[in-house]
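J.: Have a peek at data.csv (CSV, C-alpha atoms).
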chain,number,residue,atom,x,y,z
A,25,MET,CA,44.8,46.8,16.0
A,26,PRO,CA,43.9,44.8,13.0
A,27,THR,CA,40.3,43.8,12.8
A,28,THR,CA,39.7,40.1,13.3
A,29,LEU,CA,36.8,38.4,11.6
A,30,GLN,CA,34.5,36.7,14.1
A,31,SER,CA,33.0,33.5,13.1
A,32,HIS,CA,29.2,33.3,13.4
A,33,PRO,CA,27.3,30.0,13.6
A,34,THR,CA,25.3,29.1,10.5
A,35,PRO,CA,21.6,29.9,11.2
A,36,ALA,CA,19.5,26.8,11.7
A,37,ILE,CA,17.2,26.1,8.9
A,38,SER,CA,13.6,25.7,10.0
A,39,LEU,CA,11.4,22.8,9.1
A,40,ARG,CA,9.3,25.2,6.9
A,41,GLN,CA,12.4,26.1,5.0
A,42,TYR,CA,13.4,22.5,4.6
A,43,CYS,CA,10.0,21.7,3.3
A,44,ARG,CA,10.2,24.5,0.7
A,45,LEU,CA,13.7,23.3,-0.3
A,46,LEU,CA,12.3,19.9,-1.3
A,47,HIS,CA,8.8,20.9,-2.3
A,48,LEU,CA,9.7,23.5,-4.9
A,49,PRO,CA,12.2,21.5,-6.9
A,50,ALA,CA,9.8,18.5,-6.7
A,51,ASN,CA,7.1,20.4,-8.4
A,52,ALA,CA,9.5,21.7,-10.9
A,53,LYS,CA,10.7,18.1,-11.6
A,54,LEU,CA,14.3,19.0,-10.7
A,55,TYR,CA,15.0,15.5,-9.5
A,56,PRO,CA,18.9,15.6,-9.4
A,57,LYS,CA,18.6,18.7,-7.2
A,58,ILE,CA,16.2,16.9,-4.9
A,59,LYS,CA,18.6,14.0,-4.5
A,60,ARG,CA,21.4,16.3,-3.5
A,61,LEU,CA,19.2,18.0,-1.0
A,62,LEU,CA,18.0,14.6,0.3
A,63,ASN,CA,21.7,13.6,0.9
A,64,ASP,CA,22.2,16.8,2.9
A,65,PHE,CA,19.1,16.6,5.0
A,66,VAL,CA,17.7,13.1,5.1
A,67,ALA,CA,19.3,12.3,8.5
A,68,LYS,CA,17.9,15.4,10.1
A,69,LYS,CA,14.1,15.5,9.5
A,70,GLU,CA,12.2,12.3,8.9
A,71,VAL,CA,9.1,14.2,7.7
A,72,LEU,CA,11.1,15.5,4.7
A,73,VAL,CA,11.6,12.0,3.4
A,74,ASP,CA,7.9,11.3,3.7
A,75,MET,CA,7.3,14.5,1.7
A,76,LEU,CA,9.9,13.6,-0.9
A,77,ILE,CA,8.5,10.2,-1.5
A,78,LEU,CA,5.0,11.6,-1.8
A,79,ALA,CA,6.3,14.2,-4.3
A,80,TYR,CA,7.9,11.5,-6.4
A,81,VAL,CA,4.8,9.4,-6.4
A,82,LYS,CA,2.6,12.4,-7.3
A,83,ASN,CA,4.9,13.1,-10.3
A,84,LEU,CA,4.9,9.4,-11.4
A,85,LYS,CA,8.5,8.9,-10.5
A,86,VAL,CA,8.0,5.8,-8.4
A,87,ASP,CA,11.5,4.4,-9.0
A,88,LEU,CA,12.9,7.5,-7.4
A,89,ALA,CA,10.5,7.1,-4.6
A,90,VAL,CA,11.8,3.6,-4.0
A,91,GLU,CA,15.4,5.0,-4.1
A,92,ALA,CA,14.5,7.6,-1.5
A,93,PHE,CA,12.9,4.8,0.6
A,94,LYS,CA,16.1,2.8,0.4
A,95,LEU,CA,18.3,5.8,1.2
A,96,ALA,CA,16.2,6.6,4.2
A,97,GLY,CA,16.9,3.1,5.5
A,98,HIS,CA,20.7,3.6,4.9
A,99,TYR,CA,20.5,6.7,7.2
A,100,GLY,CA,18.3,5.0,9.7
A,101,VAL,CA,15.4,7.4,9.1
A,102,GLU,CA,12.0,6.2,10.2
A,103,LEU,CA,9.2,6.5,7.7
A,104,SER,CA,5.5,6.3,8.0
A,105,VAL,CA,2.6,4.7,6.2
A,106,ASN,CA,1.7,8.2,5.0
A,107,SER,CA,4.3,7.9,2.3
A,108,CYS,CA,4.8,4.2,2.1
A,109,ASN,CA,1.2,3.4,1.3
A,110,PRO,CA,1.0,5.7,-1.8
A,111,MET,CA,4.3,4.3,-2.9
A,112,LEU,CA,3.1,0.7,-2.6
A,113,ALA,CA,-0.1,1.6,-4.5
A,114,ALA,CA,1.9,3.2,-7.3
A,115,LEU,CA,4.0,0.1,-7.6
A,116,VAL,CA,0.9,-2.0,-7.9
A,117,ASP,CA,-0.6,0.3,-10.5
A,118,GLN,CA,2.6,0.1,-12.6
A,119,GLY,CA,2.7,-3.7,-12.3
A,120,LYS,CA,5.9,-3.8,-10.3
A,121,ILE,CA,4.7,-6.4,-7.9
A,122,GLN,CA,8.0,-7.9,-7.0
A,123,VAL,CA,9.4,-4.5,-6.1
A,124,MET,CA,6.2,-3.9,-4.1
A,125,GLU,CA,6.7,-7.1,-2.2
A,126,ASN,CA,10.3,-6.2,-1.4
A,127,VAL,CA,9.4,-2.7,-0.2
A,128,HIS,CA,6.7,-4.2,2.0
A,129,LYS,CA,9.1,-6.7,3.5
A,130,VAL,CA,11.6,-3.9,4.3
A,131,MET,CA,8.8,-1.9,5.9
A,132,ILE,CA,8.0,-4.7,8.3
A,133,ARG,CA,11.7,-5.3,9.0
A,134,ARG,CA,12.2,-1.6,9.8
A,135,LYS,CA,9.1,-1.7,12.0
A,136,VAL,CA,7.0,0.7,9.9
A,137,GLN,CA,3.6,-0.1,11.5
A,138,PRO,CA,1.3,-1.2,8.7
A,139,ASP,CA,-2.4,-0.3,8.7
A,140,VAL,CA,-5.4,-1.8,7.0
A,141,SER,CA,-4.7,0.2,3.9
A,142,THR,CA,-1.1,-1.1,3.7
A,143,CYS,CA,-2.4,-4.7,3.8
A,144,ASN,CA,-5.2,-4.1,1.3
A,145,ILE,CA,-2.8,-2.6,-1.2
A,146,VAL,CA,-0.3,-5.4,-0.9
A,147,ILE,CA,-3.1,-8.1,-1.0
A,148,ASN,CA,-4.4,-6.4,-4.2
A,149,GLY,CA,-0.9,-6.5,-5.8
A,150,LEU,CA,-0.4,-10.2,-4.8
A,151,CYS,CA,-3.8,-11.1,-6.2
A,152,LYS,CA,-3.1,-9.3,-9.5
A,153,ALA,CA,0.1,-11.3,-9.8
A,154,GLY,CA,-1.8,-14.6,-9.1
A,155,LYS,CA,0.0,-15.0,-5.7
A,156,LEU,CA,-3.2,-16.0,-4.0
A,157,GLN,CA,-1.7,-18.1,-1.2
A,158,LYS,CA,0.6,-15.2,-0.2
A,159,ALA,CA,-2.3,-12.9,-0.2
A,160,ARG,CA,-4.3,-15.3,2.0
A,161,ASP,CA,-1.2,-15.6,4.3
A,162,LEU,CA,-1.1,-11.8,4.6
A,163,MET,CA,-4.7,-11.7,5.7
A,164,GLU,CA,-3.7,-14.1,8.5
A,165,ASP,CA,-0.8,-11.9,9.4
A,166,MET,CA,-3.2,-9.0,9.7
A,167,LYS,CA,-5.0,-10.8,12.5
A,168,VAL,CA,-1.7,-11.4,14.3
A,169,TRP,CA,-0.8,-7.7,14.0
A,170,GLY,CA,-4.2,-6.7,15.5
A,171,ILE,CA,-5.5,-5.4,12.1
A,172,SER,CA,-9.1,-6.4,11.3
A,173,PRO,CA,-9.7,-7.3,7.7
A,174,THR,CA,-12.5,-5.2,6.1
A,175,VAL,CA,-15.0,-5.8,3.4
A,176,VAL,CA,-12.4,-4.4,1.0
A,177,THR,CA,-9.9,-7.0,2.1
A,178,TYR,CA,-12.3,-9.8,1.5
A,179,ASN,CA,-13.6,-8.4,-1.8
A,180,THR,CA,-10.0,-8.1,-3.1
A,181,LEU,CA,-9.3,-11.8,-2.3
A,182,ILE,CA,-12.6,-13.0,-3.7
A,183,ASN,CA,-11.9,-11.1,-6.9
A,184,GLY,CA,-8.4,-12.6,-6.9
A,185,TYR,CA,-9.7,-16.1,-6.7
A,186,TRP,CA,-12.2,-15.4,-9.5
A,187,LYS,CA,-9.7,-13.8,-11.9
A,188,LYS,CA,-6.5,-15.7,-11.1
A,189,GLY,CA,-7.6,-18.9,-9.3
A,190,SER,CA,-7.2,-22.4,-10.6
A,191,VAL,CA,-9.4,-25.5,-10.1
A,192,GLY,CA,-11.9,-24.9,-7.2
A,193,ARG,CA,-11.3,-21.2,-7.3
A,194,MET,CA,-14.9,-20.2,-6.6
A,195,TYR,CA,-15.3,-22.6,-3.7
A,196,LYS,CA,-12.3,-20.9,-2.1
A,197,ALA,CA,-14.0,-17.5,-2.8
A,198,ASP,CA,-17.2,-18.9,-1.3
A,199,ALA,CA,-15.3,-19.9,1.8
A,200,LEU,CA,-14.2,-16.3,2.2
A,201,LEU,CA,-17.9,-15.2,2.0
A,202,LYS,CA,-18.8,-17.6,4.8
A,203,GLU,CA,-15.9,-16.3,6.8
A,204,MET,CA,-17.1,-12.7,6.3
A,205,LEU,CA,-20.6,-13.6,7.5
A,206,SER,CA,-19.2,-15.5,10.5
A,207,LYS,CA,-17.3,-12.4,11.5
A,208,LYS,CA,-20.3,-10.2,10.9
A,209,ILE,CA,-18.6,-8.3,8.1
A,210,CYS,CA,-21.4,-7.3,5.8
A,211,PRO,CA,-20.9,-8.2,2.1
A,212,ASN,CA,-21.6,-5.3,-0.3
A,213,GLU,CA,-22.6,-5.0,-3.9
A,214,ILE,CA,-19.0,-5.7,-5.1
A,215,THR,CA,-19.0,-9.0,-3.1
A,216,TYR,CA,-22.3,-9.9,-4.7
A,217,ASN,CA,-21.3,-9.1,-8.3
A,218,THR,CA,-17.9,-10.8,-8.1
A,219,LEU,CA,-19.3,-14.1,-6.7
A,220,ILE,CA,-22.3,-14.2,-9.0
A,221,ASP,CA,-20.1,-13.5,-12.1
A,222,GLY,CA,-17.6,-16.1,-11.0
A,223,PHE,CA,-20.1,-18.9,-10.6
A,224,CYS,CA,-21.9,-17.9,-13.8
A,225,LYS,CA,-18.6,-18.1,-15.8
A,226,ASP,CA,-18.0,-21.5,-14.2
A,227,GLU,CA,-21.5,-22.4,-15.5
A,228,ASN,CA,-22.6,-23.2,-11.9
A,229,LEU,CA,-25.9,-21.4,-12.0
A,230,PRO,CA,-27.4,-23.1,-8.9
A,231,ALA,CA,-24.4,-22.0,-6.8
A,232,ALA,CA,-24.8,-18.5,-8.2
A,233,MET,CA,-28.5,-18.3,-7.3
A,234,ILE,CA,-27.8,-19.6,-3.7
A,235,ARG,CA,-25.1,-17.1,-3.1
A,236,LYS,CA,-27.3,-14.3,-4.5
A,237,SER,CA,-29.9,-15.2,-2.0
A,238,MET,CA,-27.4,-15.4,0.9
A,239,ILE,CA,-25.9,-12.1,0.1
A,240,ARG,CA,-29.2,-10.3,-0.4
A,241,LYS,CA,-30.4,-11.6,2.9
A,242,SER,CA,-27.2,-10.5,4.7
A,243,MET,CA,-27.4,-7.0,3.2
A,244,LYS,CA,-30.9,-6.5,4.6
A,245,HIS,CA,-29.7,-6.9,8.2
Reformat the file's structure so that it appears as structure tokens.
T.:
Amino acid sequence: MPTTLQSHPTPAISLRQYCRLLHLPANAKLYPKIKRLLNDFVAKKEVLVDMLILAYVKNLKVDLAVEAFKLAGHYGVELSVNSCNPMLAALVDQGKIQVMENVHKVMIRRKVQPDVSTCNIVINGLCKAGKLQKARDLMEDMKVWGISPTVVTYNTLINGYWKKGSVGRMYKADALLKEMLSKKICPNEITYNTLIDGFCKDENLPAAMIRKSMIRKSMKH
């Protein structure tokens, strides 16, 4: 009887093998190959997309990271802040604030749960772009989401008002200091230096000295 060839199922590729398939070409900067692999596997293992985005960010290919982020959404793959936060930070570092805003909005729409680092990164980007009201609004959103602003959050906004604010900027920054103290969030040296520098540059030395005294007193407790 003629020998018939029996079909054998293709062996399943393990998660470790998937990771190597993406990690090795990423380190070798073989980006077209990574994109082909992503198209093959993105719908199967969410963790791979997180790893891919991190690899792109590490190799300063943030545009490709954003492309992978978009592709993941097309396939309905859920991402985590473990990859999204570094991508947002890289966009801020490169001055791509509008792209950062768009990615953040898509994250919220896809129900990627933000954490305090997510919010601080986005607030920092908005402040750098002079979008202070949006930054302040995001701080209010944090409270709705159950995320407590930290001293880093407040310092970022205070610094934003100092560098990018218009008329009355330091009084808005001062209001943030009072809010911090009311919430028992202890100002640190960065808070102190930013406020004092801001009031001094506005040639408001009495206000600078009063805030200096307030902050030093609060830092002793």
J.: For the atom pair CA of Tyr178 in chain A and CA of Val81 in chain A, what is the interatomic distance in Å to one decimal place?
T.: 26.9 Å
J.: CA of Ala159 in chain A and CA of Asp87 in chain A, how far apart in Å?
T.: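 Computing it gives 23.8 Å between the two atoms.
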J.: Kindly indicate which residue among A:Ser141, A:Thr177, A:Gln122, A:Asn106 lies nearest to Lys155 in chain A, using only C-alpha atoms for the distances.
T.: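 Under the stated criterion, the closest residue is A:Gln122.
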J.: Just how far from CA of Leu162 in chain A is CA of Leu200 in chain A, in Å to one decimal?
T.: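 For CA of Leu200 in chain A relative to CA of Leu162 in chain A, the distance reads 14.1 Å.
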J.: Kindly provide, as a VMD selection string, the polymer residues lying within 12 Å of (17.5, 4.0, 4.4), counting all atoms listed in the file and using the coordinates exactly as they appear in the file.
T.: chain A and resid 62 to 63 66 to 67 70 73 89 to 103 127 130 to 131 133 to 134
J.: With the cut-off set at 9 Å and counting all atoms listed in the file, tabulate each residue of range 85-184 of chain A with an atom at most that distance from an atom of range 205-211 of chain A, showing the nearest atom pair and its distance in Å to one decimal, ordered by chain and increasing number, as CSV.
T.:
residue,atom,partner,partner_atom,distance
A:Pro173,CA,A:Ile209,CA,9.0
A:Thr174,CA,A:Ile209,CA,7.1
A:Val175,CA,A:Ile209,CA,6.4
A:Tyr178,CA,A:Pro211,CA,8.8
A:Asn179,CA,A:Pro211,CA,8.3
J.: Name all residues at most 9 Å from Leu156 in chain A (count only C-alpha atoms; drop same-chain ones fewer than 6 positions away) and give them as a tab-separated table (two decimals) with C-alpha atoms, in the frame of the given file.
T.:
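Below is the file that was written, selection-v4.tsv:
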chain	number	residue	atom	x	y	z
A	147	ILE	CA	-3.10	-8.10	-1.00
A	150	LEU	CA	-0.40	-10.20	-4.80
A	181	LEU	CA	-9.30	-11.80	-2.30
A	184	GLY	CA	-8.40	-12.60	-6.90
A	185	TYR	CA	-9.70	-16.10	-6.70
A	188	LYS	CA	-6.50	-15.70	-11.10
A	189	GLY	CA	-7.60	-18.90	-9.30
J.: In the coordinate frame of the file, compute which residues have an atom within 12 Å of (7.8, -7.5, 8.3) when using all atoms listed in the file, and state them as a ChimeraX atom specification.
T.: /A:125-138,142-143,162,165-166,168-169
J.: My list of candidates is A:Lys225, A:Asp139, A:Arg193, A:Gly170. Which is closest to Gly154 in chain A when distances are computed with all atoms listed in the file?
T.: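 Once distances to Gly154 in chain A are computed over all atoms listed in the file, the minimum belongs to A:Arg193.
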